[in-house]
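Structure below is query_22.pdb: PDB, C-alpha atoms.
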```pdb
ATOM      1  CA  MET A   1     -23.359 -59.084  63.713
ATOM      2  CA  VAL A   2     -20.933 -61.920  64.037
ATOM      3  CA  PHE A   3     -20.329 -64.103  61.033
ATOM      4  CA  LYS A   4     -20.588 -67.815  61.633
ATOM      5  CA  ARG A   5     -20.611 -69.186  58.093
ATOM      6  CA  TYR A   6     -17.317 -68.847  56.287
ATOM      7  CA  VAL A   7     -16.090 -69.655  52.817
ATOM      8  CA  GLU A   8     -13.431 -72.225  53.661
ATOM      9  CA  VAL A   9     -12.206 -75.587  52.499
ATOM     10  CA  GLY A  10     -14.766 -78.106  53.720
ATOM     11  CA  ARG A  11     -17.777 -75.801  53.962
ATOM     12  CA  VAL A  12     -20.959 -77.478  52.738
ATOM     13  CA  VAL A  13     -22.899 -75.211  50.408
ATOM     14  CA  LEU A  14     -26.253 -75.308  48.659
ATOM     15  CA  VAL A  15     -26.159 -74.491  44.973
ATOM     16  CA  ASN A  16     -29.036 -72.125  44.293
ATOM     17  CA  TYR A  17     -28.669 -71.331  40.600
ATOM     18  CA  GLY A  18     -27.685 -73.202  37.491
ATOM     19  CA  PRO A  19     -28.128 -76.781  36.328
ATOM     20  CA  ASP A  20     -27.288 -78.139  39.804
ATOM     21  CA  ALA A  21     -29.687 -75.845  41.643
ATOM     22  CA  GLY A  22     -31.004 -77.272  44.893
ATOM     23  CA  LYS A  23     -28.093 -79.672  45.420
ATOM     24  CA  LEU A  24     -25.461 -79.748  48.128
ATOM     25  CA  ALA A  25     -21.723 -79.491  47.460
ATOM     26  CA  THR A  26     -18.480 -78.876  49.352
ATOM     27  CA  ILE A  27     -15.906 -76.162  48.830
ATOM     28  CA  ILE A  28     -12.602 -77.899  48.142
ATOM     29  CA  ASP A  29     -10.537 -74.879  47.106
ATOM     30  CA  ILE A  30     -10.849 -71.131  46.739
ATOM     31  CA  VAL A  31      -9.926 -69.451  43.450
ATOM     32  CA  ASP A  32     -10.317 -65.821  44.432
ATOM     33  CA  GLN A  33     -12.765 -63.336  45.937
ATOM     34  CA  ASN A  34     -15.463 -64.216  43.411
ATOM     35  CA  LYS A  35     -15.333 -67.951  42.850
ATOM     36  CA  CYS A  36     -14.411 -71.238  44.410
ATOM     37  CA  LEU A  37     -13.945 -74.842  43.399
ATOM     38  CA  ILE A  38     -16.708 -77.166  44.579
ATOM     39  CA  ASP A  39     -17.323 -80.888  44.402
ATOM     40  CA  GLY A  40     -20.434 -82.878  45.403
ATOM     41  CA  PRO A  41     -18.999 -85.437  46.005
ATOM     42  CA  ALA A  42     -20.556 -86.438  42.714
ATOM     43  CA  ASN A  43     -21.640 -89.895  43.864
ATOM     44  CA  LEU A  44     -23.521 -88.493  46.873
ATOM     45  CA  THR A  45     -25.083 -85.284  45.610
ATOM     46  CA  GLY A  46     -24.702 -85.267  41.824
ATOM     47  CA  VAL A  47     -22.619 -82.089  41.682
ATOM     48  CA  THR A  48     -19.425 -82.630  39.685
ATOM     49  CA  ARG A  49     -16.166 -80.859  40.378
ATOM     50  CA  GLN A  50     -16.390 -77.310  39.019
ATOM     51  CA  VAL A  51     -15.642 -73.663  39.617
ATOM     52  CA  ILE A  52     -18.674 -71.695  40.740
ATOM     53  CA  PRO A  53     -19.110 -68.044  41.721
ATOM     54  CA  TYR A  54     -20.266 -67.207  45.256
ATOM     55  CA  GLY A  55     -23.403 -65.603  43.888
ATOM     56  CA  ARG A  56     -24.636 -69.046  42.891
ATOM     57  CA  ILE A  57     -24.145 -70.747  46.233
ATOM     58  CA  ALA A  58     -25.507 -70.356  49.741
ATOM     59  CA  LEU A  59     -23.319 -71.278  52.699
ATOM     60  CA  THR A  60     -24.787 -73.729  55.196
ATOM     61  CA  ASP A  61     -23.859 -74.353  58.810
ATOM     62  CA  LEU A  62     -22.258 -77.701  58.045
ATOM     63  CA  THR A  63     -18.576 -78.326  57.427
ATOM     64  CA  VAL A  64     -16.508 -81.421  56.790
ATOM     65  CA  LYS A  65     -12.914 -82.002  57.693
ATOM     66  CA  ILE A  66     -10.983 -82.303  54.442
ATOM     67  CA  SER A  67      -7.713 -81.033  53.096
ATOM     68  CA  ARG A  68      -7.514 -78.663  50.140
ATOM     69  CA  ASN A  69      -8.236 -80.274  46.746
ATOM     70  CA  ALA A  70      -9.545 -83.445  48.372
ATOM     71  CA  ARG A  71     -10.219 -86.220  45.889
ATOM     72  CA  GLN A  72     -13.661 -87.739  45.568
ATOM     73  CA  LYS A  73     -12.801 -90.797  47.660
ATOM     74  CA  SER A  74     -11.587 -88.868  50.711
ATOM     75  CA  LEU A  75     -14.398 -86.366  50.309
ATOM     76  CA  THR A  76     -16.992 -89.152  50.312
ATOM     77  CA  ALA A  77     -15.351 -90.690  53.368
ATOM     78  CA  ALA A  78     -15.446 -87.351  55.190
ATOM     79  CA  TRP A  79     -19.096 -86.889  54.261
ATOM     80  CA  THR A  80     -20.131 -90.294  55.574
ATOM     81  CA  GLU A  81     -18.081 -89.746  58.735
ATOM     82  CA  ALA A  82     -19.711 -86.394  59.435
ATOM     83  CA  ASP A  83     -23.083 -87.787  58.313
ATOM     84  CA  VAL A  84     -23.769 -84.627  56.373
ATOM     85  CA  LEU A  85     -26.790 -85.805  54.423
ATOM     86  CA  ALA A  86     -28.683 -86.845  57.561
ATOM     87  CA  LYS A  87     -27.748 -83.636  59.389
ATOM     88  CA  TRP A  88     -28.873 -81.620  56.403
ATOM     89  CA  GLU A  89     -32.245 -83.369  56.143
ATOM     90  CA  ALA A  90     -32.779 -82.732  59.862
ATOM     91  CA  SER A  91     -32.104 -79.007  59.565
ATOM     92  CA  SER A  92     -35.070 -76.647  59.429
ATOM     93  CA  TRP A  93     -33.681 -75.131  56.198
ATOM     94  CA  ALA A  94     -33.950 -78.456  54.395
ATOM     95  CA  LYS A  95     -37.339 -79.169  55.938
ATOM     96  CA  LYS A  96     -38.696 -75.831  54.744
ATOM     97  CA  MET A  97     -37.362 -76.512  51.262
ATOM     98  CA  ALA A  98     -39.028 -79.924  51.247
ATOM     99  CA  ALA A  99     -42.323 -78.489  52.478
ATOM    100  CA  LYS A 100     -42.275 -75.829  49.764
ATOM    101  CA  LYS A 101     -41.594 -78.458  47.152
ATOM    102  CA  LYS A 102     -44.405 -80.627  48.422
ATOM    103  CA  ARG A 103     -46.825 -77.738  48.427
ATOM    104  CA  ALA A 104     -45.944 -76.891  44.826
ATOM    105  CA  SER A 105     -46.564 -80.460  43.719
ATOM    106  CA  LEU A 106     -50.016 -80.941  45.290
ATOM    107  CA  ASN A 107     -52.869 -81.976  43.084
ATOM    108  CA  ASP A 108     -56.412 -80.670  43.468
ATOM    109  CA  PHE A 109     -57.509 -83.411  45.847
ATOM    110  CA  ASP A 110     -54.488 -82.747  48.070
ATOM    111  CA  ARG A 111     -55.316 -79.072  48.153
ATOM    112  CA  PHE A 112     -58.875 -79.963  49.143
ATOM    113  CA  LYS A 113     -57.514 -82.080  51.975
ATOM    114  CA  VAL A 114     -55.305 -79.182  53.090
ATOM    115  CA  MET A 115     -58.308 -76.869  53.121
ATOM    116  CA  VAL A 116     -60.332 -79.277  55.215
ATOM    117  CA  ALA A 117     -57.445 -79.748  57.634
ATOM    118  CA  ARG A 118     -56.985 -76.007  58.036
ATOM    119  CA  LYS A 119     -60.682 -75.557  58.747
ATOM    120  CA  GLN A 120     -60.538 -78.281  61.385
ATOM    121  CA  LYS A 121     -57.484 -76.684  62.979
ATOM    122  CA  SER A 122     -59.014 -73.214  63.131
ATOM    123  CA  ASN A 123     -62.220 -74.776  64.533
ATOM    124  CA  ILE A 124     -60.306 -76.295  67.449
ATOM    125  CA  ILE A 125     -58.448 -73.034  68.087
ATOM    126  CA  ALA A 126     -61.644 -70.930  67.981
ATOM    127  CA  LYS A 127     -63.370 -73.257  70.449
ATOM    128  CA  LYS A 128     -60.400 -73.057  72.839
ATOM    129  CA  MET A 129     -60.217 -69.270  72.528
ATOM    130  CA  LYS A 130     -63.911 -69.049  73.379
ATOM    131  CA  GLU A 131     -63.327 -71.179  76.475
ATOM    132  CA  ILE A 132     -60.464 -68.974  77.646
ATOM    133  CA  ALA A 133     -62.294 -65.737  76.940
ATOM    134  CA  ALA A 134     -65.371 -66.827  78.866
TER     135      ALA A 134
ATOM    136  CA  MET B   1      -7.792 -58.725  15.248
ATOM    137  CA  THR B   2      -8.413 -61.262  17.963
ATOM    138  CA  VAL B   3     -12.028 -61.346  19.004
ATOM    139  CA  ALA B   4     -11.764 -62.531  22.573
ATOM    140  CA  GLY B   5     -14.241 -64.850  24.216
ATOM    141  CA  LYS B   6     -13.097 -68.133  25.620
ATOM    142  CA  MET B   7      -9.468 -68.419  24.565
ATOM    143  CA  ASN B   8      -7.810 -71.635  23.450
ATOM    144  CA  GLN B   9      -4.139 -72.434  23.164
ATOM    145  CA  TYR B  10      -2.764 -73.529  19.806
ATOM    146  CA  GLN B  11       0.615 -74.710  18.651
ATOM    147  CA  VAL B  12       1.128 -73.412  15.124
ATOM    148  CA  VAL B  13       4.091 -74.563  13.043
ATOM    149  CA  GLY B  14       4.930 -72.898   9.769
ATOM    150  CA  ARG B  15       7.757 -72.212   7.395
ATOM    151  CA  LYS B  16       8.620 -70.384   4.229
ATOM    152  CA  ALA B  17       7.509 -72.221   1.120
ATOM    153  CA  ALA B  18      10.059 -74.654  -0.289
ATOM    154  CA  THR B  19      11.883 -73.392  -3.365
ATOM    155  CA  GLU B  20      14.536 -74.840  -5.620
ATOM    156  CA  ASP B  21      17.455 -73.149  -3.813
ATOM    157  CA  HIS B  22      15.982 -73.794  -0.363
ATOM    158  CA  PRO B  23      14.095 -77.048  -0.523
ATOM    159  CA  ASN B  24      13.969 -77.405   3.265
ATOM    160  CA  PRO B  25      13.463 -74.074   4.988
ATOM    161  CA  GLU B  26      13.536 -73.843   8.762
ATOM    162  CA  ALA B  27      10.222 -74.433  10.462
ATOM    163  CA  TYR B  28       9.072 -72.176  13.262
ATOM    164  CA  ARG B  29       6.715 -73.043  16.057
ATOM    165  CA  MET B  30       4.584 -70.607  18.025
ATOM    166  CA  ILE B  31       2.174 -70.960  20.889
ATOM    167  CA  ILE B  32      -0.808 -68.739  20.142
ATOM    168  CA  PHE B  33      -3.833 -67.874  22.286
ATOM    169  CA  ALA B  34      -6.910 -67.469  20.108
ATOM    170  CA  PRO B  35     -10.613 -68.328  20.206
ATOM    171  CA  ASN B  36     -10.371 -70.664  17.210
ATOM    172  CA  PRO B  37      -7.777 -72.154  14.854
ATOM    173  CA  VAL B  38      -8.558 -69.698  12.049
ATOM    174  CA  ILE B  39      -7.569 -66.715  14.180
ATOM    175  CA  ALA B  40      -4.655 -68.713  15.587
ATOM    176  CA  LYS B  41      -3.182 -69.164  12.124
ATOM    177  CA  SER B  42      -3.767 -65.533  11.313
ATOM    178  CA  LYS B  43      -1.973 -64.466  14.494
ATOM    179  CA  PHE B  44       0.874 -66.818  13.616
ATOM    180  CA  TRP B  45       1.528 -64.891  10.426
ATOM    181  CA  TYR B  46       1.044 -61.598  12.246
ATOM    182  CA  TYR B  47       3.893 -62.415  14.589
ATOM    183  CA  MET B  48       6.054 -64.318  12.119
ATOM    184  CA  HIS B  49       6.337 -61.490   9.673
ATOM    185  CA  GLN B  50       7.362 -59.201  12.534
ATOM    186  CA  PHE B  51      10.140 -61.570  13.597
ATOM    187  CA  ARG B  52      11.298 -63.131  10.357
ATOM    188  CA  LYS B  53      11.098 -62.433   6.676
ATOM    189  CA  MET B  54       8.051 -64.563   5.964
ATOM    190  CA  LYS B  55       4.433 -63.957   5.336
ATOM    191  CA  LYS B  56       1.300 -65.875   4.505
ATOM    192  CA  THR B  57       1.694 -65.596   0.762
ATOM    193  CA  THR B  58       5.308 -66.785   0.806
ATOM    194  CA  GLY B  59       4.875 -69.426   3.492
ATOM    195  CA  GLU B  60       2.844 -72.389   4.553
ATOM    196  CA  ILE B  61       1.431 -73.581   7.835
ATOM    197  CA  LEU B  62       2.446 -77.131   8.549
ATOM    198  CA  ASP B  63       0.420 -77.781  11.639
ATOM    199  CA  CYS B  64      -2.106 -76.132  13.936
ATOM    200  CA  VAL B  65      -2.992 -78.202  16.955
ATOM    201  CA  GLN B  66      -4.961 -77.275  20.078
ATOM    202  CA  LEU B  67      -3.064 -77.713  23.332
ATOM    203  CA  VAL B  68      -5.154 -78.960  26.217
ATOM    204  CA  GLU B  69      -4.408 -78.281  29.881
ATOM    205  CA  LYS B  70      -2.710 -81.252  31.488
ATOM    206  CA  ASN B  71      -4.533 -81.016  34.821
ATOM    207  CA  SER B  72      -7.649 -78.881  34.775
ATOM    208  CA  ARG B  73      -8.822 -80.059  38.191
ATOM    209  CA  ILE B  74      -6.549 -78.008  40.425
ATOM    210  CA  ILE B  75      -6.203 -74.268  40.790
ATOM    211  CA  LYS B  76      -2.887 -72.824  39.676
ATOM    212  CA  ASN B  77      -1.269 -69.411  39.807
ATOM    213  CA  TYR B  78      -0.377 -67.950  36.425
ATOM    214  CA  GLY B  79       1.937 -65.056  35.670
ATOM    215  CA  ILE B  80       1.489 -63.454  32.269
ATOM    216  CA  TRP B  81       3.857 -60.971  30.661
ATOM    217  CA  LEU B  82       2.261 -58.893  27.984
ATOM    218  CA  ARG B  83       2.773 -55.910  25.766
ATOM    219  CA  TYR B  84      -0.147 -53.647  25.024
ATOM    220  CA  SER B  85      -0.721 -50.348  23.336
ATOM    221  CA  SER B  86      -2.686 -47.676  25.103
ATOM    222  CA  ARG B  87      -3.871 -44.371  23.710
ATOM    223  CA  SER B  88      -0.552 -42.726  24.532
ATOM    224  CA  GLY B  89       2.054 -45.388  23.846
ATOM    225  CA  THR B  90       2.887 -49.061  24.154
ATOM    226  CA  HIS B  91       3.869 -50.626  27.463
ATOM    227  CA  ASN B  92       4.932 -53.879  29.024
ATOM    228  CA  MET B  93       2.949 -55.353  31.834
ATOM    229  CA  TYR B  94       2.998 -58.300  34.159
ATOM    230  CA  ARG B  95      -0.232 -59.693  35.611
ATOM    231  CA  GLU B  96      -1.109 -62.636  37.776
ATOM    232  CA  TYR B  97      -4.246 -64.782  37.778
ATOM    233  CA  ARG B  98      -5.508 -67.793  39.663
ATOM    234  CA  ASP B  99      -7.419 -70.259  37.522
ATOM    235  CA  LEU B 100      -7.820 -73.927  36.701
ATOM    236  CA  THR B 101      -6.336 -73.603  33.223
ATOM    237  CA  LEU B 102      -3.884 -71.338  31.429
ATOM    238  CA  THR B 103      -6.487 -70.553  28.803
ATOM    239  CA  GLY B 104      -8.902 -69.549  31.578
ATOM    240  CA  ALA B 105      -6.282 -67.188  32.971
ATOM    241  CA  VAL B 106      -5.646 -65.704  29.524
ATOM    242  CA  THR B 107      -9.389 -65.201  29.040
ATOM    243  CA  GLN B 108      -9.467 -63.411  32.399
ATOM    244  CA  LEU B 109      -6.541 -61.311  31.257
ATOM    245  CA  TYR B 110      -8.238 -60.109  28.094
ATOM    246  CA  ASN B 111     -11.435 -59.310  29.952
ATOM    247  CA  GLU B 112      -9.602 -57.483  32.724
ATOM    248  CA  MET B 113      -7.437 -55.477  30.335
ATOM    249  CA  ALA B 114     -10.586 -54.430  28.513
ATOM    250  CA  GLY B 115     -12.251 -53.429  31.764
ATOM    251  CA  ARG B 116      -9.401 -51.694  33.510
ATOM    252  CA  HIS B 117      -7.485 -50.195  30.595
ATOM    253  CA  ARG B 118      -9.979 -50.186  27.716
ATOM    254  CA  THR B 119      -7.493 -52.268  25.739
ATOM    255  CA  ARG B 120      -9.005 -54.105  22.811
ATOM    256  CA  PRO B 121      -7.755 -57.647  22.120
ATOM    257  CA  ARG B 122      -6.023 -56.441  18.972
ATOM    258  CA  SER B 123      -3.726 -54.279  21.082
ATOM    259  CA  ILE B 124      -2.583 -57.063  23.400
ATOM    260  CA  GLN B 125       0.398 -59.292  22.681
ATOM    261  CA  ILE B 126       1.191 -62.056  25.126
ATOM    262  CA  ILE B 127       4.930 -62.343  25.524
ATOM    263  CA  ARG B 128       5.235 -65.112  28.036
ATOM    264  CA  THR B 129       3.206 -67.141  30.492
ATOM    265  CA  ALA B 130       4.313 -69.153  33.500
ATOM    266  CA  THR B 131       2.771 -71.308  36.179
ATOM    267  CA  LEU B 132       3.920 -70.029  39.546
ATOM    268  CA  LYS B 133       4.240 -71.486  42.991
ATOM    269  CA  ALA B 134       2.477 -69.587  45.749
ATOM    270  CA  SER B 135       5.816 -68.254  47.017
ATOM    271  CA  GLU B 136       6.638 -66.758  43.621
ATOM    272  CA  LEU B 137       3.553 -64.563  43.407
ATOM    273  CA  LYS B 138       4.136 -60.826  43.345
ATOM    274  CA  ARG B 139       0.642 -59.360  43.414
ATOM    275  CA  ASP B 140      -1.335 -59.127  46.665
ATOM    276  CA  ASN B 141      -4.651 -60.376  45.352
ATOM    277  CA  GLY B 142      -3.506 -63.854  44.367
ATOM    278  CA  MET B 143      -1.138 -64.103  47.326
ATOM    279  CA  GLN B 144      -3.926 -63.763  49.842
ATOM    280  CA  PHE B 145      -5.817 -66.728  48.371
ATOM    281  CA  ALA B 146      -2.799 -68.946  47.804
ATOM    282  CA  LYS B 147      -2.240 -69.364  51.523
ATOM    283  CA  LYS B 148      -3.194 -72.178  53.835
ATOM    284  CA  ASN B 149      -6.501 -72.051  55.705
ATOM    285  CA  VAL B 150      -8.026 -69.163  53.832
ATOM    286  CA  LYS B 151     -11.336 -68.337  55.423
ATOM    287  CA  PHE B 152     -13.707 -65.417  55.018
ATOM    288  CA  PRO B 153     -17.426 -64.725  55.332
ATOM    289  CA  LEU B 154     -19.675 -63.378  52.604
ATOM    290  CA  PRO B 155     -20.880 -60.088  54.049
ATOM    291  CA  HIS B 156     -23.694 -57.984  52.599
ATOM    292  CA  ARG B 157     -25.056 -60.478  50.081
ATOM    293  CA  VAL B 158     -27.107 -58.554  47.570
ATOM    294  CA  ALA B 159     -29.732 -60.557  45.714
ATOM    295  CA  SER B 160     -29.591 -60.319  41.971
ATOM    296  CA  GLY B 161     -33.074 -59.139  41.137
ATOM    297  CA  LYS B 162     -33.002 -60.348  37.540
ATOM    298  CA  ARG B 163     -32.115 -63.968  38.184
ATOM    299  CA  GLY B 164     -35.148 -66.072  37.356
ATOM    300  CA  MET B 165     -37.435 -63.543  39.009
ATOM    301  CA  LYS B 166     -39.641 -60.861  37.592
ATOM    302  CA  ALA B 167     -38.630 -58.432  40.335
ATOM    303  CA  LEU B 168     -36.668 -58.226  43.556
ATOM    304  CA  SER B 169     -39.747 -59.105  45.555
ATOM    305  CA  SER B 170     -42.779 -61.256  44.917
ATOM    306  CA  SER B 171     -45.144 -58.504  46.087
ATOM    307  CA  THR B 172     -45.389 -54.936  44.877
ATOM    308  CA  PHE B 173     -45.407 -53.383  48.333
ATOM    309  CA  THR B 174     -43.709 -54.669  51.453
ATOM    310  CA  THR B 175     -42.964 -53.250  54.857
ATOM    311  CA  GLN B 176     -39.599 -54.984  55.234
ATOM    312  CA  ARG B 177     -36.359 -54.131  53.503
ATOM    313  CA  PRO B 178     -34.604 -57.177  52.098
ATOM    314  CA  THR B 179     -32.039 -58.866  54.305
ATOM    315  CA  THR B 180     -28.414 -59.083  53.198
ATOM    316  CA  PHE B 181     -27.092 -60.985  56.200
ATOM    317  CA  PHE B 182     -26.942 -64.736  55.720
ATOM    318  CA  GLY B 183     -24.656 -65.751  58.552
TER     319      GLY B 183
END
```
Conversion result in structure tokens:
Amino acid sequence: MVFKRYVEVGRVVLVNYGPDAGKLATIIDIVDQNKCLIDGPANLTGVTRQVIPYGRIALTDLTVKISRNARQKSLTAAWTEADVLAKWEASSWAKKMAAKKKRASLNDFDRFKVMVARKQKSNIIAKKMKEIAA
Amino acid sequence: MTVAGKMNQYQVVGRKAATEDHPNPEAYRMIIFAPNPVIAKSKFWYYMHQFRKMKKTTGEILDCVQLVEKNSRIIKNYGIWLRYSSRSGTHNMYREYRDLTLTGAVTQLYNEMAGRHRTRPRSIQIIRTATLKASELKRDNGMQFAKKNVKFPLPHRVASGKRGMKALSSSTFTTQRPTTFFG
């Protein structure tokens, strides 16, 4: 089991608990074995500069090249250079999160449409299976 | 007795009351760590009557002002010298903490002393505090994080079952043990 995601300066993390839950942030400094200093940057993700324990964050695969304690301006520049937001939206993690969110926000008509679509899909599959089996 | 919680730093200035023979007694200033100004003033008298011949009834507090951290955006290394009484005697101690603010480090100190040594806040007296450079640290724990290019994984991540969930799993029975490896 090799570790690929490290707590390090520049690691992009997803906050998964607290008032900023669901938002991305970057680790800009490490306090100790239990907490680190993160920053959005605030103008891109809405997470302000704060200390957060590791239990409240999830490490992602993305990193940005910054120096320790980077200020918001250089952090924003590094984020736009690495195109983090686009890379994140393209990752399957973000897509699954978006799909879950969409599913939770469906209204009754949408759920009806989903049911009809699933029936159509299984109809096509059943027909094909019958063809193959015969 | 200091009830710890989030500590604040106060500058308390006081002096003996003015009398006819001494209309202008010397004023003394102390830096006190306390959760609120009421306890700060009480601690001021606690220390002052140990050091000098003055007490609350014969003195007056001239000023009690909260001191705010100059730069609470960067992590600093703090060394704290303290004196505490244990069940068998009273000892001096030196501890180091990494935190954004001195008051945060002092809060950590009180919580850690309670956890590791069962010391109640009333038994702790802070003698001196200092902000240290990384090269001046003496304890291993802070030293290993004050270096350049610190990097480590988060192995064996255990989910906290109480956070926002009714149980560790959404179903009563499952065939798979939870995963603790997240890269």
Residue hits in chain A, query chain B, radius 7 Å, all atoms listed in the file, as a CSV table (one decimal) with C-alpha atoms, in the frame of the given file:
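Generated file (out_33.csv):
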```csv
chain,number,residue,atom,x,y,z
A,3,PHE,CA,-20.3,-64.1,61.0
A,4,LYS,CA,-20.6,-67.8,61.6
A,5,ARG,CA,-20.6,-69.2,58.1
A,6,TYR,CA,-17.3,-68.8,56.3
A,7,VAL,CA,-16.1,-69.7,52.8
A,8,GLU,CA,-13.4,-72.2,53.7
A,30,ILE,CA,-10.8,-71.1,46.7
A,31,VAL,CA,-9.9,-69.5,43.4
A,32,ASP,CA,-10.3,-65.8,44.4
A,69,ASN,CA,-8.2,-80.3,46.7
```
For the file shown, report as a PDB file with C-alpha atoms, in the coordinates of the input the outcome of the PyMOL selection byres ((chain B and resi 110-113) around 12) at residue level.
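See out15.pdb below for the written result:
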```pdb
ATOM      1  CA  THR B   2      -8.413 -61.262  17.963  1.00  0.00           C
ATOM      2  CA  VAL B   3     -12.028 -61.346  19.004  1.00  0.00           C
ATOM      3  CA  ALA B   4     -11.764 -62.531  22.573  1.00  0.00           C
ATOM      4  CA  GLY B   5     -14.241 -64.850  24.216  1.00  0.00           C
ATOM      5  CA  LYS B   6     -13.097 -68.133  25.620  1.00  0.00           C
ATOM      6  CA  MET B   7      -9.468 -68.419  24.565  1.00  0.00           C
ATOM      7  CA  PHE B  33      -3.833 -67.874  22.286  1.00  0.00           C
ATOM      8  CA  ALA B  34      -6.910 -67.469  20.108  1.00  0.00           C
ATOM      9  CA  PRO B  35     -10.613 -68.328  20.206  1.00  0.00           C
ATOM     10  CA  ILE B  80       1.489 -63.454  32.269  1.00  0.00           C
ATOM     11  CA  LEU B  82       2.261 -58.893  27.984  1.00  0.00           C
ATOM     12  CA  ARG B  83       2.773 -55.910  25.766  1.00  0.00           C
ATOM     13  CA  TYR B  84      -0.147 -53.647  25.024  1.00  0.00           C
ATOM     14  CA  SER B  85      -0.721 -50.348  23.336  1.00  0.00           C
ATOM     15  CA  SER B  86      -2.686 -47.676  25.103  1.00  0.00           C
ATOM     16  CA  MET B  93       2.949 -55.353  31.834  1.00  0.00           C
ATOM     17  CA  TYR B  94       2.998 -58.300  34.159  1.00  0.00           C
ATOM     18  CA  ARG B  95      -0.232 -59.693  35.611  1.00  0.00           C
ATOM     19  CA  GLU B  96      -1.109 -62.636  37.776  1.00  0.00           C
ATOM     20  CA  TYR B  97      -4.246 -64.782  37.778  1.00  0.00           C
ATOM     21  CA  THR B 103      -6.487 -70.553  28.803  1.00  0.00           C
ATOM     22  CA  GLY B 104      -8.902 -69.549  31.578  1.00  0.00           C
ATOM     23  CA  ALA B 105      -6.282 -67.188  32.971  1.00  0.00           C
ATOM     24  CA  VAL B 106      -5.646 -65.704  29.524  1.00  0.00           C
ATOM     25  CA  THR B 107      -9.389 -65.201  29.040  1.00  0.00           C
ATOM     26  CA  GLN B 108      -9.467 -63.411  32.399  1.00  0.00           C
ATOM     27  CA  LEU B 109      -6.541 -61.311  31.257  1.00  0.00           C
ATOM     28  CA  ALA B 114     -10.586 -54.430  28.513  1.00  0.00           C
ATOM     29  CA  GLY B 115     -12.251 -53.429  31.764  1.00  0.00           C
ATOM     30  CA  ARG B 116      -9.401 -51.694  33.510  1.00  0.00           C
ATOM     31  CA  HIS B 117      -7.485 -50.195  30.595  1.00  0.00           C
ATOM     32  CA  ARG B 118      -9.979 -50.186  27.716  1.00  0.00           C
ATOM     33  CA  THR B 119      -7.493 -52.268  25.739  1.00  0.00           C
ATOM     34  CA  ARG B 120      -9.005 -54.105  22.811  1.00  0.00           C
ATOM     35  CA  PRO B 121      -7.755 -57.647  22.120  1.00  0.00           C
ATOM     36  CA  ARG B 122      -6.023 -56.441  18.972  1.00  0.00           C
ATOM     37  CA  SER B 123      -3.726 -54.279  21.082  1.00  0.00           C
ATOM     38  CA  ILE B 124      -2.583 -57.063  23.400  1.00  0.00           C
ATOM     39  CA  GLN B 125       0.398 -59.292  22.681  1.00  0.00           C
ATOM     40  CA  ILE B 126       1.191 -62.056  25.126  1.00  0.00           C
TER      41      ILE B 126
END
```
- Pull out every residue that the PyMOL selection byres ((chain B and resi 38) around 12) matches in the shown coordinates and put them as JSON, numbers by chain. {"B": [1, 2, 3, 8, 10, 12, 32, 33, 34, 35, 36, 37, 39, 40, 41, 42, 43, 44, 45, 61, 64, 65, 66]}
- Task: Tell me, in Å to one decimal, how far CA of Trp79 in chain A is from CA of Glu69 in chain B.
- Result: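 Separating CA of Trp79 in chain A from CA of Glu69 in chain B is a distance of 29.7 Å.
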- Message: List the spatial neighbours of range 58-65 of chain A as a list in words - criterion: any atom at most 7 Å away, only C-alpha atoms, same-chain residues fewer than 6 positions off excluded.
- Response: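 Within the cut-off, the hits are Arg5, Gly10, Arg11, Val12, Val13, Leu14, Val15, Asn16, Ala78, Trp79 and Ala82 of chain A.
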- Query: What's the 12 Å shell around range 97-112 of chain A, counting all atoms listed in the file, without same-chain residues fewer than 5 positions away, as a VMD selection string?
  - Reply: chain A and resid 14 16 22 to 23 88 to 92 117 to 119
With C-alpha atoms retained, write the just-selected residues as a tab-separated table (two decimals), in the frame of the given file.
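Written output follows (result-v7.tsv):
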```
chain	number	residue	atom	x	y	z
A	14	LEU	CA	-26.25	-75.31	48.66
A	16	ASN	CA	-29.04	-72.12	44.29
A	22	GLY	CA	-31.00	-77.27	44.89
A	23	LYS	CA	-28.09	-79.67	45.42
A	88	TRP	CA	-28.87	-81.62	56.40
A	89	GLU	CA	-32.24	-83.37	56.14
A	90	ALA	CA	-32.78	-82.73	59.86
A	91	SER	CA	-32.10	-79.01	59.56
A	92	SER	CA	-35.07	-76.65	59.43
A	117	ALA	CA	-57.44	-79.75	57.63
A	118	ARG	CA	-56.98	-76.01	58.04
A	119	LYS	CA	-60.68	-75.56	58.75
```
- Task: Kindly resolve the PyMOL selection byres ((chain A and resi 36-41) around 8) on the present coordinates and return the residues as an NGL selection string.
- Result: :A and (24-32 or 34-35 or 42-54 or 72 or 75-76)
- Selection: 8 Å around Lys55 in chain B, only C-alpha atoms, excl. self and same-chain fewer than 5 positions, as a list of chain:residue names: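 Within the cut-off, the hits are B:Lys16, B:Trp45, B:Met48, B:His49.
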